[in-house]
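Chemist: To be precise about what I am sending: the file is called my_file07.tsv and holds TSV, C-alpha atoms and all ligand atoms.
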```tsv
chain	number	residue	atom	x	y	z
A	1	MET	CA	-69.43	172.38	-2.08
A	2	ASN	CA	-71.66	170.51	0.36
A	3	THR	CA	-70.26	168.06	2.87
A	4	THR	CA	-71.95	165.02	1.29
A	5	ASP	CA	-70.27	165.74	-2.04
A	6	ILE	CA	-66.91	166.20	-0.33
A	7	LYS	CA	-67.31	162.80	1.36
A	8	VAL	CA	-68.28	161.17	-1.94
A	9	ILE	CA	-65.25	162.69	-3.67
A	10	LYS	CA	-62.84	161.73	-0.89
A	11	ALA	CA	-64.03	158.12	-0.90
A	12	TYR	CA	-64.04	157.95	-4.69
A	13	PHE	CA	-60.41	158.93	-5.06
A	14	GLU	CA	-59.05	156.75	-2.27
A	15	LEU	CA	-57.84	154.23	-4.85
A	16	PRO	CA	-55.88	155.27	-7.96
A	17	LYS	CA	-58.16	156.25	-10.83
A	18	LYS	CA	-57.83	157.04	-14.51
A	19	ILE	CA	-59.02	160.60	-14.83
A	20	VAL	CA	-59.70	162.75	-17.88
A	21	PHE	CA	-60.21	166.52	-17.64
A	22	VAL	CA	-62.30	168.26	-20.27
A	23	ALA	CA	-63.28	171.88	-20.90
A	24	HIS	CA	-65.28	173.71	-23.56
A	25	LYS	CA	-64.43	174.28	-27.21
A	26	ASN	CA	-62.25	177.30	-27.99
A	27	PRO	CA	-60.68	177.05	-24.54
A	28	ASP	CA	-59.94	180.27	-22.67
A	29	GLY	CA	-57.63	180.92	-19.71
A	30	ASP	CA	-60.18	179.58	-17.24
A	31	ALA	CA	-60.74	176.38	-19.25
A	32	VAL	CA	-57.02	175.68	-19.62
A	33	GLY	CA	-56.24	176.80	-16.06
A	34	SER	CA	-58.88	174.68	-14.36
A	35	THR	CA	-58.15	171.50	-16.36
A	36	THR	CA	-54.36	171.69	-16.11
A	37	ALA	CA	-54.31	172.66	-12.41
A	38	LEU	CA	-56.69	169.89	-11.36
A	39	ALA	CA	-54.81	167.36	-13.52
A	40	MET	CA	-51.55	168.33	-11.82
A	41	PHE	CA	-53.26	168.00	-8.43
A	42	TYR	CA	-54.53	164.48	-9.09
A	43	LYS	CA	-51.26	163.43	-10.72
A	44	LYS	CA	-49.46	164.41	-7.52
A	45	LEU	CA	-51.90	162.21	-5.62
A	46	GLY	CA	-50.90	159.20	-7.74
A	47	HIS	CA	-53.74	159.05	-10.24
A	48	GLN	CA	-53.41	158.66	-14.00
A	49	VAL	CA	-54.43	161.94	-15.61
A	50	GLN	CA	-54.96	163.41	-19.06
A	51	VAL	CA	-56.43	166.73	-20.20
A	52	VAL	CA	-58.40	166.54	-23.46
A	53	LEU	CA	-59.65	169.76	-25.04
A	54	PRO	CA	-61.92	169.90	-28.12
A	55	ASN	CA	-59.58	172.11	-30.15
A	56	GLY	CA	-56.48	174.28	-29.96
A	57	ILE	CA	-55.26	176.53	-27.17
A	58	PRO	CA	-54.73	180.09	-28.47
A	59	ASP	CA	-51.18	181.48	-28.45
A	60	PHE	CA	-51.71	183.96	-25.63
A	61	ILE	CA	-52.27	181.12	-23.15
A	62	ALA	CA	-50.30	178.32	-24.86
A	63	TRP	CA	-47.39	178.93	-22.44
A	64	MET	CA	-49.50	177.86	-19.43
A	65	PRO	CA	-48.13	175.04	-17.23
A	66	GLY	CA	-49.32	171.68	-18.54
A	67	ALA	CA	-50.65	173.12	-21.83
A	68	GLU	CA	-48.12	171.12	-23.87
A	69	GLU	CA	-49.38	167.80	-22.53
A	70	VAL	CA	-52.99	168.51	-23.47
A	71	TYR	CA	-54.57	166.30	-26.14
A	72	ARG	CA	-56.59	168.03	-28.83
A	73	TYR	CA	-59.69	165.98	-29.62
A	74	ASP	CA	-59.76	167.31	-33.19
A	75	LEU	CA	-56.10	166.53	-33.98
A	76	GLN	CA	-55.22	163.69	-31.60
A	77	ASN	CA	-58.55	162.00	-32.09
A	78	ILE	CA	-57.49	158.38	-31.65
A	79	GLN	CA	-55.46	159.02	-28.49
A	80	SER	CA	-58.24	161.23	-27.10
A	81	LYS	CA	-60.96	158.64	-27.68
A	82	LYS	CA	-58.75	155.97	-26.13
A	83	VAL	CA	-58.15	157.86	-22.86
A	84	ILE	CA	-61.83	158.81	-22.66
A	85	ASN	CA	-62.97	155.21	-23.18
A	86	GLU	CA	-60.49	153.91	-20.62
A	87	ALA	CA	-61.20	156.57	-18.00
A	88	ASP	CA	-62.96	155.88	-14.71
A	89	VAL	CA	-64.08	159.46	-14.35
A	90	ILE	CA	-64.20	162.61	-16.43
A	91	PHE	CA	-64.09	166.09	-14.94
A	92	LEU	CA	-66.20	168.56	-16.90
A	93	LEU	CA	-64.70	171.95	-16.14
A	94	ASP	CA	-65.87	175.44	-17.11
A	95	PHE	CA	-68.92	174.32	-19.06
A	96	ASN	CA	-72.48	173.38	-18.22
A	97	ALA	CA	-73.74	171.23	-21.10
A	98	LEU	CA	-72.11	168.54	-23.22
A	99	HIS	CA	-72.78	170.32	-26.52
A	100	ARG	CA	-70.30	173.03	-25.46
A	101	VAL	CA	-67.43	170.73	-26.47
A	102	GLY	CA	-68.62	170.65	-30.11
A	103	ASP	CA	-70.49	167.97	-32.04
A	104	ASP	CA	-67.71	165.44	-32.48
A	105	MET	CA	-66.41	165.38	-28.94
A	106	GLU	CA	-69.95	165.55	-27.56
A	107	LYS	CA	-70.63	162.15	-29.15
A	108	GLY	CA	-67.48	160.77	-27.55
A	109	LEU	CA	-68.50	162.04	-24.11
A	110	ALA	CA	-72.14	160.96	-24.46
A	111	ALA	CA	-70.98	157.37	-25.14
A	112	PHE	CA	-68.77	157.37	-22.01
A	113	GLU	CA	-70.08	154.92	-19.43
A	114	GLY	CA	-68.08	156.03	-16.40
A	115	ASP	CA	-68.71	158.89	-14.01
A	116	PHE	CA	-68.71	162.63	-14.57
A	117	ILE	CA	-67.81	165.31	-12.06
A	118	MET	CA	-68.78	168.83	-13.06
A	119	ILE	CA	-67.20	171.99	-11.66
A	120	ASP	CA	-68.57	175.09	-13.36
A	121	HIS	CA	-69.82	178.62	-12.88
A	122	HIS	CA	-72.25	178.89	-15.82
A	123	GLN	CA	-76.00	179.05	-15.34
A	124	GLN	CA	-78.33	176.05	-15.62
A	125	PRO	CA	-75.86	173.15	-15.55
A	126	ASP	CA	-77.10	169.90	-17.11
A	127	ASP	CA	-77.77	167.19	-14.55
A	128	ILE	CA	-75.35	164.58	-15.88
A	129	ALA	CA	-72.69	164.21	-13.21
A	130	MET	CA	-72.14	162.02	-10.16
A	131	VAL	CA	-71.20	165.25	-8.37
A	132	THR	CA	-72.04	168.72	-9.67
A	133	TYR	CA	-70.32	171.66	-8.02
A	134	SER	CA	-72.04	174.65	-9.58
A	135	ASP	CA	-71.91	178.24	-8.38
A	136	THR	CA	-72.79	181.01	-10.79
A	137	SER	CA	-71.72	183.71	-8.33
A	138	ILE	CA	-68.06	182.66	-8.50
A	139	CYS	CA	-65.93	184.57	-11.01
A	140	SER	CA	-64.12	181.61	-12.52
A	141	THR	CA	-63.91	177.84	-12.56
A	142	CYS	CA	-60.30	178.28	-11.43
A	143	GLN	CA	-61.50	179.88	-8.20
A	144	MET	CA	-63.92	176.94	-7.80
A	145	VAL	CA	-61.06	174.48	-8.30
A	146	TYR	CA	-59.23	176.28	-5.50
A	147	HIS	CA	-62.34	175.94	-3.28
A	148	TYR	CA	-62.61	172.28	-4.26
A	149	ILE	CA	-59.01	171.59	-3.20
A	150	GLU	CA	-59.62	173.68	-0.07
A	151	ALA	CA	-62.71	171.60	0.77
A	152	LEU	CA	-60.58	168.47	0.50
A	153	GLY	CA	-58.15	170.07	2.98
A	154	GLN	CA	-55.29	169.96	0.48
A	155	VAL	CA	-54.43	173.59	-0.35
A	156	ASP	CA	-50.86	172.78	0.68
A	157	MET	CA	-50.63	170.57	-2.41
A	158	ILE	CA	-50.92	173.61	-4.69
A	159	ASP	CA	-47.45	174.26	-6.09
A	160	GLN	CA	-46.14	177.10	-8.20
A	161	GLU	CA	-47.26	175.57	-11.51
A	162	MET	CA	-50.77	174.76	-10.34
A	163	ALA	CA	-50.97	178.21	-8.78
A	164	THR	CA	-49.93	179.80	-12.08
A	165	SER	CA	-52.65	177.93	-13.96
A	166	LEU	CA	-55.29	178.92	-11.41
A	167	TYR	CA	-54.09	182.53	-11.26
A	168	THR	CA	-54.24	182.84	-15.06
A	169	GLY	CA	-57.81	181.54	-15.20
A	170	ILE	CA	-58.95	183.86	-12.43
A	171	MET	CA	-57.17	186.83	-14.01
A	172	THR	CA	-58.61	186.27	-17.49
A	173	ASP	CA	-62.18	185.45	-16.38
A	174	THR	CA	-62.36	188.53	-14.13
A	175	GLY	CA	-61.01	190.88	-16.82
A	176	SER	CA	-57.91	191.38	-14.66
A	177	PHE	CA	-59.90	191.52	-11.40
A	178	ARG	CA	-62.31	194.23	-12.51
A	179	PHE	CA	-65.64	192.45	-13.14
A	180	PRO	CA	-68.23	192.58	-10.34
A	181	SER	CA	-67.75	188.86	-9.67
A	182	THR	CA	-64.32	189.70	-8.23
A	183	THR	CA	-64.71	189.55	-4.45
A	184	SER	CA	-62.49	189.82	-1.39
A	185	ILE	CA	-62.44	186.02	-1.42
A	186	THR	CA	-61.05	186.13	-4.97
A	187	HIS	CA	-58.35	188.55	-3.85
A	188	ASN	CA	-57.50	186.40	-0.83
A	189	ILE	CA	-57.10	183.37	-3.08
A	190	VAL	CA	-55.01	185.36	-5.53
A	191	ALA	CA	-52.82	186.54	-2.63
A	192	ASP	CA	-52.33	182.92	-1.58
A	193	LEU	CA	-51.48	181.89	-5.17
A	194	ILE	CA	-48.90	184.67	-5.45
A	195	GLY	CA	-47.54	183.47	-2.11
A	196	LYS	CA	-47.12	180.05	-3.72
A	197	GLY	CA	-44.84	181.56	-6.33
A	198	VAL	CA	-46.98	182.91	-9.17
A	199	LYS	CA	-45.07	185.57	-11.08
A	200	ASN	CA	-48.14	187.70	-11.52
A	201	ALA	CA	-46.57	190.49	-13.59
A	202	ASP	CA	-45.10	187.90	-15.96
A	203	VAL	CA	-48.49	186.21	-16.36
A	204	HIS	CA	-50.04	189.56	-17.23
A	205	ASN	CA	-47.31	190.24	-19.76
A	206	GLN	CA	-47.62	186.81	-21.35
A	207	VAL	CA	-51.36	187.28	-21.79
A	208	PHE	CA	-51.62	190.97	-22.65
A	209	GLY	CA	-48.13	192.03	-23.70
A	210	ASN	CA	-47.58	189.64	-26.59
A	211	ASN	CA	-49.72	191.12	-29.36
A	212	SER	CA	-48.65	190.56	-32.93
A	213	TYR	CA	-48.59	193.57	-35.24
A	214	SER	CA	-51.40	192.10	-37.32
A	215	ARG	CA	-53.52	191.51	-34.23
A	216	LEU	CA	-53.28	195.19	-33.32
A	217	GLN	CA	-54.18	196.12	-36.88
A	218	LEU	CA	-57.17	193.78	-36.70
A	219	LEU	CA	-58.18	195.57	-33.49
A	220	GLY	CA	-57.88	198.85	-35.40
A	221	LYS	CA	-60.19	197.50	-38.09
A	222	ALA	CA	-62.66	196.26	-35.48
A	223	LEU	CA	-62.74	199.69	-33.83
A	224	THR	CA	-63.29	201.31	-37.22
A	225	ASN	CA	-66.29	199.01	-37.68
A	226	LEU	CA	-67.77	199.94	-34.29
A	227	MET	CA	-71.42	200.98	-34.57
A	228	VAL	CA	-73.59	202.60	-31.92
A	229	LEU	CA	-77.34	202.21	-31.34
A	230	GLU	CA	-77.67	205.24	-29.14
A	231	ALA	CA	-81.34	204.90	-28.23
A	232	THR	CA	-80.66	201.53	-26.59
A	233	LYS	CA	-77.16	202.26	-25.19
A	234	THR	CA	-75.86	199.47	-27.39
A	235	ALA	CA	-72.69	199.19	-29.47
A	236	TYR	CA	-71.54	196.43	-31.78
A	237	ILE	CA	-68.57	195.43	-33.88
A	238	THR	CA	-68.47	193.25	-36.98
A	239	LEU	CA	-65.55	191.38	-38.52
A	240	THR	CA	-65.98	189.70	-41.89
A	241	HIS	CA	-64.08	186.67	-43.09
A	242	GLU	CA	-62.25	188.91	-45.59
A	243	GLU	CA	-61.15	191.30	-42.84
A	244	LEU	CA	-59.91	188.44	-40.67
A	245	LYS	CA	-57.94	187.09	-43.61
A	246	GLN	CA	-56.51	190.50	-44.44
A	247	TYR	CA	-55.08	190.81	-40.93
A	248	ASN	CA	-53.72	187.28	-40.73
A	249	TYR	CA	-56.22	186.19	-38.12
A	250	SER	CA	-55.18	183.43	-35.78
A	251	LYS	CA	-57.12	181.90	-32.92
A	252	GLY	CA	-57.48	184.20	-29.94
A	253	ASP	CA	-56.91	187.40	-31.93
A	254	THR	CA	-60.50	188.55	-31.42
A	255	GLU	CA	-60.48	187.76	-27.69
A	256	GLY	CA	-61.49	190.79	-25.64
A	257	ILE	CA	-62.27	193.07	-28.59
A	258	VAL	CA	-65.93	193.23	-27.58
A	259	ASN	CA	-64.86	194.93	-24.34
A	260	TYR	CA	-63.78	197.98	-26.31
A	261	ALA	CA	-67.36	198.41	-27.47
A	262	LEU	CA	-68.54	198.13	-23.86
A	263	SER	CA	-65.94	200.68	-22.75
A	264	LEU	CA	-67.65	203.38	-24.77
A	265	LYS	CA	-69.14	206.05	-22.52
A	266	GLY	CA	-72.85	205.49	-21.88
A	267	ILE	CA	-72.92	202.03	-23.46
A	268	VAL	CA	-74.35	199.16	-21.38
A	269	PHE	CA	-74.67	196.42	-24.01
A	270	ALA	CA	-71.99	195.40	-26.49
A	271	ALA	CA	-71.74	192.71	-29.13
A	272	ILE	CA	-69.22	191.45	-31.62
A	273	PHE	CA	-70.15	189.44	-34.73
A	274	ILE	CA	-67.41	187.36	-36.25
A	275	GLU	CA	-67.89	185.60	-39.56
A	276	ASP	CA	-66.58	182.03	-39.40
A	277	LYS	CA	-66.57	180.69	-42.95
A	278	ASP	CA	-65.05	177.33	-41.94
A	279	GLN	CA	-67.92	176.46	-39.62
A	280	ALA	CA	-70.41	178.41	-41.76
A	281	ILE	CA	-71.61	180.35	-38.74
A	282	VAL	CA	-71.45	183.80	-37.24
A	283	LYS	CA	-69.98	183.63	-33.75
A	284	MET	CA	-71.12	186.29	-31.32
A	285	SER	CA	-69.92	187.59	-27.99
A	286	PHE	CA	-72.16	189.71	-25.79
A	287	ARG	CA	-71.20	191.85	-22.82
A	288	SER	CA	-73.22	194.08	-20.51
A	289	LYS	CA	-72.86	196.46	-17.61
A	290	GLY	CA	-75.37	196.10	-14.78
A	291	SER	CA	-78.61	194.17	-14.62
A	292	PHE	CA	-79.22	193.43	-18.33
A	293	SER	CA	-78.65	189.69	-18.74
A	294	VAL	CA	-76.80	188.87	-21.93
A	295	ASN	CA	-77.12	185.21	-20.95
A	296	GLN	CA	-80.91	185.47	-21.36
A	297	PHE	CA	-80.53	187.51	-24.52
A	298	ALA	CA	-78.13	184.99	-26.08
A	299	ARG	CA	-80.34	182.06	-25.09
A	300	HIS	CA	-83.50	183.63	-26.50
A	301	HIS	CA	-82.18	184.89	-29.79
A	302	PHE	CA	-78.85	183.40	-30.73
A	303	ASP	CA	-78.67	179.78	-29.58
A	304	GLY	CA	-76.18	180.68	-26.88
A	305	GLY	CA	-75.71	181.40	-23.22
A	306	GLY	CA	-73.06	182.17	-20.63
A	307	HIS	CA	-73.23	184.55	-17.70
A	308	ASP	CA	-75.36	187.60	-16.91
A	309	ASN	CA	-72.68	190.03	-18.07
A	310	ALA	CA	-70.72	187.90	-20.55
A	311	ALA	CA	-72.24	185.44	-22.97
A	312	GLY	CA	-71.90	184.12	-26.48
A	313	GLY	CA	-74.04	182.79	-29.27
A	314	ARG	CA	-74.08	181.67	-32.88
A	315	SER	CA	-76.11	182.02	-36.02
A	316	ILE	CA	-76.23	180.06	-39.26
A	317	GLU	CA	-77.53	183.07	-41.17
A	318	THR	CA	-75.18	185.44	-43.00
A	319	LEU	CA	-73.32	188.15	-41.13
A	320	GLN	CA	-75.61	190.81	-42.60
A	321	GLU	CA	-78.76	188.89	-41.70
A	322	THR	CA	-77.47	188.20	-38.19
A	323	VAL	CA	-76.68	191.86	-37.55
A	324	ALA	CA	-80.07	192.87	-39.00
A	325	LYS	CA	-81.79	190.46	-36.61
A	326	PHE	CA	-79.79	191.89	-33.71
A	327	ILE	CA	-80.76	195.46	-34.63
A	328	ALA	CA	-84.38	194.35	-34.90
A	329	VAL	CA	-84.60	192.62	-31.51
A	330	VAL	CA	-82.56	195.01	-29.34
A	331	PRO	CA	-85.33	197.67	-29.14
A	332	GLN	CA	-87.55	195.09	-27.36
A	333	TYR	CA	-85.16	195.48	-24.44
A	334	LYS	CA	-85.02	199.27	-24.47
A	335	LYS	CA	-86.47	199.69	-20.98
A	336	ALA	CA	-84.18	197.08	-19.42
A	337	LEU	CA	-81.16	198.54	-21.20
A	338	LEU	CA	-81.87	202.13	-20.13
A	339	HIS	CA	-82.14	200.94	-16.51
A	340	SER	CA	-79.32	198.44	-16.64
A	341	TYR	CA	-76.53	200.49	-15.20
A	342	GLU	CA	-76.31	203.87	-13.57
A	343	ILE	CA	-73.45	205.40	-11.63
B	401	LIG	P1	-66.95	184.60	-25.07
B	401	LIG	O1	-67.80	185.71	-25.56
B	401	LIG	O2	-65.77	185.10	-24.33
B	401	LIG	O3	-66.67	183.58	-26.10
B	401	LIG	O4	-67.83	183.84	-24.00
B	401	LIG	C1	-68.40	184.49	-22.90
B	401	LIG	C2	-69.10	183.48	-22.03
B	401	LIG	O5	-70.21	182.93	-22.69
B	401	LIG	C3	-68.20	182.32	-21.66
B	401	LIG	O6	-68.46	182.00	-20.33
B	401	LIG	C4	-68.63	181.21	-22.57
B	401	LIG	O7	-68.48	179.97	-21.98
B	401	LIG	C5	-70.10	181.54	-22.84
B	401	LIG	N1	-70.44	181.22	-24.23
B	401	LIG	C6	-69.83	181.68	-25.34
B	401	LIG	N2	-70.41	181.19	-26.46
B	401	LIG	C7	-71.43	180.40	-26.05
B	401	LIG	C8	-72.40	179.60	-26.74
B	401	LIG	O8	-72.48	179.53	-27.96
B	401	LIG	N3	-73.27	178.91	-25.94
B	401	LIG	C9	-73.24	178.98	-24.58
B	401	LIG	N4	-74.15	178.28	-23.88
B	401	LIG	N5	-72.35	179.72	-23.91
B	401	LIG	C10	-71.44	180.42	-24.62
B	402	MN	MN	-64.94	180.44	-16.96
```
Rewrite the coordinates I just gave you, this time as structure tokens.
Ligand code: 5GP
Ligand code: MN

Modeler:
Amino acid sequence: MNTTDIKVIKAYFELPKKIVFVAHKNPDGDAVGSTTALAMFYKKLGHQVQVVLPNGIPDFIAWMPGAEEVYRYDLQNIQSKKVINEADVIFLLDFNALHRVGDDMEKGLAAFEGDFIMIDHHQQPDDIAMVTYSDTSICSTCQMVYHYIEALGQVDMIDQEMATSLYTGIMTDTGSFRFPSTTSITHNIVADLIGKGVKNADVHNQVFGNNSYSRLQLLGKALTNLMVLEATKTAYITLTHEELKQYNYSKGDTEGIVNYALSLKGIVFAAIFIEDKDQAIVKMSFRSKGSFSVNQFARHHFDGGGHDNAAGGRSIETLQETVAKFIAVVPQYKKALLHSYEI
């Protein structure tokens, strides 16, 4: 964060404010962690705070500190609209464009006449905020929230609960500290957070050691459906609505499955296609190893975006048509894919 922005922020929050914290639809650990931690921070400083998320928090992170106090825009619509309308300022955390909160909530935010502050690590942030703290090199918005509090000179304010939220977001967005965006700075921050009382092994267990039987069976099905496009070092997984139903799908169950496709030896590009009958779309996740940008790929072909090595997209065509389109466009990238990653 630059010094001008820090000055602006410090002056802005000198008097008590009504603050709302928002993150993207289908919130992940980083979205929940950054919103809840920053809300706890400002609450401690005497401001009025409320986290509003577009829809539900999946079970594997529903235990996070502050998660119970979050308003769901889809279910607690009246209360959510009220706090948004009455807010002085809204923090936009872990997303770069208003449409990422979904159509309904986007309208609510677009009508908001107060100030926005954006803290995010996705590429090409929309220019809509009074202060935008954007850094695509940082592994997680939670790490950025730590830097933000650090820039304000208030790291001492981070207590065990805030630290747990931040730790969880950093852990989940770095794939348990293994993605290339994990730096020595990340590890130093994580060390500090553990020093503040985070029970790191418990967090790991809560997130990864709480699978339901049906979720593991769904994973089995997904792995059975794994297909390889050898010539382009690409692998993909499909899950139909019927399959999701058969294995009692609940939100969050498909989280991380795409990484199994990427873990296949020799594969540098992985995708998962998930049929969402309720929204009448196919939701996609893309992952890559090395220089091949799935962000660019998702933007060009599937109305999506994200990061260079992890992105998502959507399609209104059928699952079959979407996969056929994918298979048709991937060969255009053959050269880039073959050179993407070598060890
Ligand atoms: P995931 O595949 O885990 O849902 O998302 C991976 C990354 O891509 C996340 O950072 C997420 O915010 C971003 N992402 C996922 N879906 C979309 C999408 O439809 N549009 C955009 N712009 N980004 C997405
Ligand atoms: Mn994130």

Chemist: Considering all atoms listed in the file, state which residue in the set A:Asp156, A:Glu317, A:Asp94, A:Glu86 is at the smallest distance from ligand MN 402 (chain B).

Modeler: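 With all atoms listed in the file as the atom set, the closest residue is A:Asp94.
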
Chemist: I'd like the interatomic distance between CA of Gln160 in chain A and CA of Val203 in chain A, to a tenth of an Å.

Modeler: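 We find that CA of Gln160 in chain A and CA of Val203 in chain A lie 12.5 Å from each other.
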
Chemist: Edge lengths and centre, in Å to one decimal, as AutoDock Vina command-line options: that's what I need for the box along x, y and z that holds all listed atoms of ligand LIG 401 (chain B) plus 4 Å on each side.

Modeler:
```
--center_x -70.0 --center_y 182.0 --center_z -24.1 --size_x 16.4 --size_y 15.4 --size_z 15.6
```

Chemist: Report, in Å with one decimal, the straight-line distance from CA of Gln143 in chain A to CA of Ser250 in chain A.

Modeler: 28.5 Å

Chemist: I need the residue nearest ligand MN 402 (chain B) from this list: A:Tyr73, A:Phe95, A:Tyr42, A:Tyr333. Use all atoms listed in the file for the distance.

Modeler: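 The answer is A:Phe95, which sits nearest to ligand MN 402 (chain B).
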
Chemist: At most 12 Å is the cut-off: for each residue in range 32-86 of chain A with any atom that close to an atom of range 209-232 of chain A, write down the nearest atom pair and the distance in Å rounded to one decimal, counting all atoms listed in the file, chain first then increasing number, as a Markdown table.

Modeler:
```
| residue | atom | partner | partner_atom | distance |
| --- | --- | --- | --- | --- |
| A:Asp59 | CA | A:Asn210 | CA | 9.1 |
| A:Phe60 | CA | A:Asn210 | CA | 7.1 |
| A:Ile61 | CA | A:Asn210 | CA | 10.3 |
| A:Ala62 | CA | A:Asn210 | CA | 11.8 |
| A:Trp63 | CA | A:Asn210 | CA | 11.5 |
```
